[in-house]
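Report on one structure; see the data block that follows.
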Amino acid sequence: MSIATAVILVVVIGLVLAVILTVASKVFFVPVDETVANLRAELPGANCGACGYAGCDDYAAALAADHSISTSACPVGGADVAAKLAEILGVEAGSADKQVAVVKCNGHCDAAKTIMEYKGIESCKAAKTLFGGASACTHGCMGLGDCVAACDFDAIHICNGVAVVDREACVACGACAKACPNNVIAMLPEKNKVFVQCNSKDKGAVARKACSSACIGCGKCAKACKFESITVEDNLATINPETCKNCGLCAKECPTGAIVNLRAKKKAPAAEKAEA
Amino acid sequence: MLKILTILLSVILVNNCILAQFLGICPFLGVSKKLDSSVGMGVAVTFVMVLATAATWPIQQLLNKYEIGYLQTVVFILVIAALVQLVEMILKKFIPSLHRALGVYLPLITTNCAVLGVTINNIDYSYTYVESLFNALGTGIGFLVAMIIFSGMRQKLEGNKFVPVSFQGVPITLVSASILSLAFMGFSGLVG
């Protein structure tokens with residue numbers, strides 16, 4: 001008998017609450033902007049916050065309010081969702097400001113010296129706690145793959161001890177940049193093909209000793225640049241992505257090869273083939 | 001009147017819901033990074049606590065009448081969750097600015113153990129309806145006070161060079177939370 005009363009009473013309370021909420025949702029209905037509702041419907045609803053907003057609702061509202069926000073910020077939805085969002089908004093999917101992750105380190109196994117043989121947990125974060133990692137340079141890529149684990153799109157891999165981004169597959173979610181304990185990964189516009197592949201803020205001699213492809217802060221690139229888009233600060237050259245014209249003069253001038261020009265890299269294998 | 005004052009003083013300082021009863025630790029650690037967000041959370045929690053008490057106290061009488069007081073927890077969670085939903089709808093319709101200010105904190109409060117804790121405490125201490133309401137108000141204010149003090153501490157700790165590298169972030173936050181809790185123990189015995 002007492003079980004019956006308990007069940008009935010709880011069900012009644014639940015029903016009463018349900019009725020109140022249903023009525024309230026009609027009475028206090030607030031018309032939502034149709035665009036926001038459509039955008040929200042396309043988003044996966046994981047509410048993970050990886051886009052940088054408080055949740056899917058917040059991201060949808062921000063997108064509707066400001067069309068310049070990237071539609072490809074949602075790493076859960078990926079490219080499909082980005083395309084659908086762009087279609088609703090009537091903009092091109094991640095057109096002007098498409099970004100990709102860039103690893104600011106070229107200290108591969110032959111270039112960077114090691115100070116120990118690290119045999120601990122296969123994680124950059126763990127290695128970092130042990131004298132800043134196995135590499136002699138404490139600013140660079142440790143190559144243990146925290147970023148690879150963080151990437152949901154199989155767009156970053158460890159090649160010869162350094163993380164390398166697959167620029168085609170990258171959706172610029174920034175998960176790898178967050179996972180990297182040395183902040184080696186930056187998000188740069190896709191149109192920029194020339195960048196400094198070094199993160200070392202050590203003085204020139206120290207940096208050079210630790211890694212043969214380190215930026216030594218000599219400033220040759222800054223002098224070579226015709227657009228004044230390179231600054232050297234804390235012994236590290238930085239290219240301003242907004243003013244850089246991808247001319248590649250700096251890459252040619254760099255004595256250590258710390259600046260790479262992706263366009264030149266693409267041409268090189270083609271030239272080799274032609275010669276052969 | 002004196003009893004109400006005693007209740008207020010007790011739950012704000014001596015039996016502070018976060019620092020002495022260890023209820024609502026999640027928002028205490030999660031939302032206390034900035035002063036304005038912790039004030040928002042504190043006010044929202046206080047508001048919901050008073051409303052929840054106003055709704056659950058009569059329901060407890062109903063449960064007692066049918067001798068199913070043991071269903072207290074289940075029923076209270078149900079009622080509080082529904083109540084928060086209702087409050088959110090009303091705020092969205094009539095005070096959108098406040099709804100935006102409270103933002104994501106309001107739905108978070110649905111499952112806040114401090115709210116459930118205060119409603120159950122009201123019954124356990126067999127307070128009257130008015131006393132229960134003041135107990136809820138006081139607990140909410142105590143929550144707010146703890147949040148404000150702690151967010152001040154965290155703003156000082158943020159980016160502080162004196163914090164050792166391995167202690168930065170969560171560890172130093174937990175350490176300072178426990179020290180703050182110890183400090184509040186100094187109030188014990190203030191109210192009989």
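Letters A, B, ... go to the chains of the structure tokens in the order shown; residues in each chain start at 1; ligands are counted from 1 in the same order.
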Who sits within 10 Å of Val165 (chain B), only C-alpha atoms, same chain under 4 positions skipped, as a ChimeraX atom specification: /A:129 /B:161,169
Contact residues around Pro44 (chain A) with only C-alpha atoms at 10 Å, ignoring same-chain residues under 2 positions, as a VMD selection string: chain A and resid 40 to 42 46 to 48 56 74 to 78 81
Store the residues of this selection in a file with N, CA and C atoms, as an mmCIF file, in the first residue's frame.
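Everything below was put into result01.cif:
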```
data_model
loop_
_atom_site.group_PDB
_atom_site.id
_atom_site.type_symbol
_atom_site.label_atom_id
_atom_site.label_comp_id
_atom_site.auth_asym_id
_atom_site.auth_seq_id
_atom_site.Cartn_x
_atom_site.Cartn_y
_atom_site.Cartn_z
ATOM 1 N N ARG A 40 21.776 26.647 -35.035
ATOM 2 C CA ARG A 40 21.832 25.782 -33.857
ATOM 3 C C ARG A 40 21.473 24.343 -34.238
ATOM 4 N N ALA A 41 20.530 24.199 -35.167
ATOM 5 C CA ALA A 41 20.098 22.859 -35.572
ATOM 6 C C ALA A 41 21.226 22.114 -36.269
ATOM 7 N N GLU A 42 22.095 22.844 -36.974
ATOM 8 C CA GLU A 42 23.189 22.191 -37.677
ATOM 9 C C GLU A 42 24.333 21.802 -36.741
ATOM 10 N N ALA A 46 27.101 19.231 -28.785
ATOM 11 C CA ALA A 46 27.944 18.607 -27.769
ATOM 12 C C ALA A 46 28.224 19.573 -26.626
ATOM 13 N N ASN A 47 28.016 20.875 -26.874
ATOM 14 C CA ASN A 47 28.272 21.911 -25.871
ATOM 15 C C ASN A 47 29.640 21.775 -25.227
ATOM 16 N N CYS A 48 30.651 21.439 -26.046
ATOM 17 C CA CYS A 48 31.979 21.184 -25.501
ATOM 18 C C CYS A 48 32.754 22.473 -25.280
ATOM 19 N N CYS A 56 26.940 25.464 -27.811
ATOM 20 C CA CYS A 56 26.455 25.550 -29.193
ATOM 21 C C CYS A 56 25.510 26.736 -29.371
ATOM 22 N N CYS A 74 33.976 24.822 -35.156
ATOM 23 C CA CYS A 74 33.464 23.658 -34.432
ATOM 24 C C CYS A 74 34.243 22.400 -34.819
ATOM 25 N N PRO A 75 35.109 21.912 -33.927
ATOM 26 C CA PRO A 75 35.899 20.728 -34.264
ATOM 27 C C PRO A 75 35.070 19.443 -34.246
ATOM 28 N N VAL A 76 33.954 19.445 -33.534
ATOM 29 C CA VAL A 76 33.129 18.239 -33.470
ATOM 30 C C VAL A 76 32.428 18.013 -34.805
ATOM 31 N N GLY A 77 31.871 19.099 -35.350
ATOM 32 C CA GLY A 77 31.146 18.989 -36.612
ATOM 33 C C GLY A 77 32.066 18.846 -37.804
ATOM 34 N N GLY A 78 33.231 19.484 -37.717
ATOM 35 C CA GLY A 78 34.197 19.391 -38.806
ATOM 36 C C GLY A 78 33.776 20.162 -40.038
ATOM 37 N N VAL A 81 29.817 20.436 -41.125
ATOM 38 C CA VAL A 81 29.035 21.423 -40.396
ATOM 39 C C VAL A 81 29.451 22.831 -40.806
#
```
Backbone-only DSSP, strand (DSSP E or B) members of region 63-134 of chain A, as a ChimeraX atom specification: /A:99-103,112,114
Please report, as a Markdown table, each residue of chain B lying at most 7 Å from chain A, together with the nearest pair of atoms and the separation in Å rounded to one decimal; use only C-alpha atoms, and order rows by chain and ascending residue number.
```
| residue | atom | partner | partner_atom | distance |
| --- | --- | --- | --- | --- |
| B:Ile68 | CA | A:Ala6 | CA | 6.3 |
| B:Val75 | CA | A:Val10 | CA | 6.9 |
| B:Ala82 | CA | A:Leu17 | CA | 6.5 |
| B:Leu86 | CA | A:Leu21 | CA | 6.3 |
| B:Met89 | CA | A:Phe28 | CA | 6.2 |
| B:Ile90 | CA | A:Phe28 | CA | 6.2 |
| B:Lys93 | CA | A:Phe28 | CA | 5.6 |
```
Alpha helix (DSSP H) positions in region 84-272 of chain A, given as a VMD selection string: chain A and resid 84 to 89 124 to 128 146 to 150 175 to 179 204 to 210 220 to 224 249 to 253 262 to 272
How would the residues just chosen look if you wrote them out with C-alpha atoms as a PDB file, in the first residue's frame?
```
ATOM      1  CA  LYS A  84      26.302  23.956 -43.795  1.00  0.00           C
ATOM      2  CA  LEU A  85      26.726  26.905 -41.421  1.00  0.00           C
ATOM      3  CA  ALA A  86      28.313  28.926 -44.193  1.00  0.00           C
ATOM      4  CA  GLU A  87      25.420  28.067 -46.494  1.00  0.00           C
ATOM      5  CA  ILE A  88      22.863  29.338 -43.969  1.00  0.00           C
ATOM      6  CA  LEU A  89      24.799  32.538 -43.447  1.00  0.00           C
ATOM      7  CA  CYS A 124      55.172  15.887 -23.803  1.00  0.00           C
ATOM      8  CA  LYS A 125      53.544  17.144 -20.608  1.00  0.00           C
ATOM      9  CA  ALA A 126      55.208  14.414 -18.573  1.00  0.00           C
ATOM     10  CA  ALA A 127      58.584  14.917 -20.259  1.00  0.00           C
ATOM     11  CA  LYS A 128      58.348  18.655 -19.678  1.00  0.00           C
ATOM     12  CA  ASP A 146      50.412  15.286 -27.164  1.00  0.00           C
ATOM     13  CA  CYS A 147      49.176  17.231 -30.197  1.00  0.00           C
ATOM     14  CA  VAL A 148      48.658  14.046 -32.215  1.00  0.00           C
ATOM     15  CA  ALA A 149      46.489  12.669 -29.411  1.00  0.00           C
ATOM     16  CA  ALA A 150      44.546  15.944 -29.202  1.00  0.00           C
ATOM     17  CA  ALA A 175      43.163  21.588 -29.954  1.00  0.00           C
ATOM     18  CA  CYS A 176      46.846  20.832 -30.682  1.00  0.00           C
ATOM     19  CA  ALA A 177      47.914  24.363 -29.754  1.00  0.00           C
ATOM     20  CA  LYS A 178      46.165  23.957 -26.416  1.00  0.00           C
ATOM     21  CA  ALA A 179      47.677  20.530 -25.808  1.00  0.00           C
ATOM     22  CA  GLY A 204      71.911  33.142 -30.319  1.00  0.00           C
ATOM     23  CA  ALA A 205      74.895  31.091 -29.157  1.00  0.00           C
ATOM     24  CA  VAL A 206      72.842  29.041 -26.699  1.00  0.00           C
ATOM     25  CA  ALA A 207      70.102  28.408 -29.235  1.00  0.00           C
ATOM     26  CA  ARG A 208      72.585  27.422 -31.923  1.00  0.00           C
ATOM     27  CA  LYS A 209      74.343  25.027 -29.581  1.00  0.00           C
ATOM     28  CA  ALA A 210      71.087  23.282 -28.757  1.00  0.00           C
ATOM     29  CA  LYS A 220      69.193  39.339 -41.228  1.00  0.00           C
ATOM     30  CA  CYS A 221      65.630  38.461 -42.147  1.00  0.00           C
ATOM     31  CA  ALA A 222      64.315  41.736 -40.749  1.00  0.00           C
ATOM     32  CA  LYS A 223      66.832  43.617 -42.910  1.00  0.00           C
ATOM     33  CA  ALA A 224      66.012  41.544 -45.980  1.00  0.00           C
ATOM     34  CA  LEU A 249      63.472  36.637 -49.223  1.00  0.00           C
ATOM     35  CA  CYS A 250      63.847  36.120 -45.491  1.00  0.00           C
ATOM     36  CA  ALA A 251      63.941  32.340 -45.909  1.00  0.00           C
ATOM     37  CA  LYS A 252      66.789  32.700 -48.384  1.00  0.00           C
ATOM     38  CA  GLU A 253      68.662  35.037 -46.089  1.00  0.00           C
ATOM     39  CA  LEU A 262      56.389  26.327 -48.190  1.00  0.00           C
ATOM     40  CA  ARG A 263      56.151  27.546 -51.788  1.00  0.00           C
ATOM     41  CA  ALA A 264      59.860  26.961 -52.347  1.00  0.00           C
ATOM     42  CA  LYS A 265      59.548  23.522 -50.751  1.00  0.00           C
ATOM     43  CA  LYS A 266      56.806  22.569 -53.168  1.00  0.00           C
ATOM     44  CA  LYS A 267      58.843  23.718 -56.186  1.00  0.00           C
ATOM     45  CA  ALA A 268      62.016  21.937 -55.135  1.00  0.00           C
ATOM     46  CA  PRO A 269      60.877  18.327 -55.688  1.00  0.00           C
ATOM     47  CA  ALA A 270      59.398  19.335 -59.059  1.00  0.00           C
ATOM     48  CA  ALA A 271      62.718  20.858 -60.128  1.00  0.00           C
ATOM     49  CA  GLU A 272      64.549  17.718 -59.064  1.00  0.00           C
TER      50      GLU A 272
END
```
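For the pair CA of Asn121 (chain B) and CA of Thr73 (chain B), the interatomic distance is 11.4 Å.
Taking CA of Pro189 (chain A) as the reference point, CA of Cys211 (chain A) is found at 27.1 Å.
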Shell around Ser181 (chain B) at 9 Å using only C-alpha atoms, local window under 6 positions removed, as a ChimeraX atom specification: /B:18-20
Keeping only N, CA and C atoms, write those residues as a PDB file, in the first residue's frame.
```pdb
ATOM      1  N   ILE B  18      29.974  26.403   1.924  1.00  0.00           N
ATOM      2  CA  ILE B  18      31.144  25.905   1.191  1.00  0.00           C
ATOM      3  C   ILE B  18      32.270  25.520   2.147  1.00  0.00           C
ATOM      4  N   LEU B  19      32.598  26.461   3.050  1.00  0.00           N
ATOM      5  CA  LEU B  19      33.851  26.322   3.789  1.00  0.00           C
ATOM      6  C   LEU B  19      33.737  25.444   5.030  1.00  0.00           C
ATOM      7  N   ALA B  20      32.502  25.206   5.515  1.00  0.00           N
ATOM      8  CA  ALA B  20      32.365  24.328   6.672  1.00  0.00           C
ATOM      9  C   ALA B  20      31.564  23.078   6.343  1.00  0.00           C
TER      10      ALA B  20
END
```
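Nearest-residue note for Thr111 (chain B): choosing from B:Ile172, B:Cys26, B:Leu180, B:Val39, the minimum distance belongs to B:Cys26, counting only C-alpha atoms.
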Selection near Leu29 (chain B), 8 Å with only C-alpha atoms, sequence-local residues under 4 positions removed, as a PyMOL selection string: chain B and resi 25+33+173
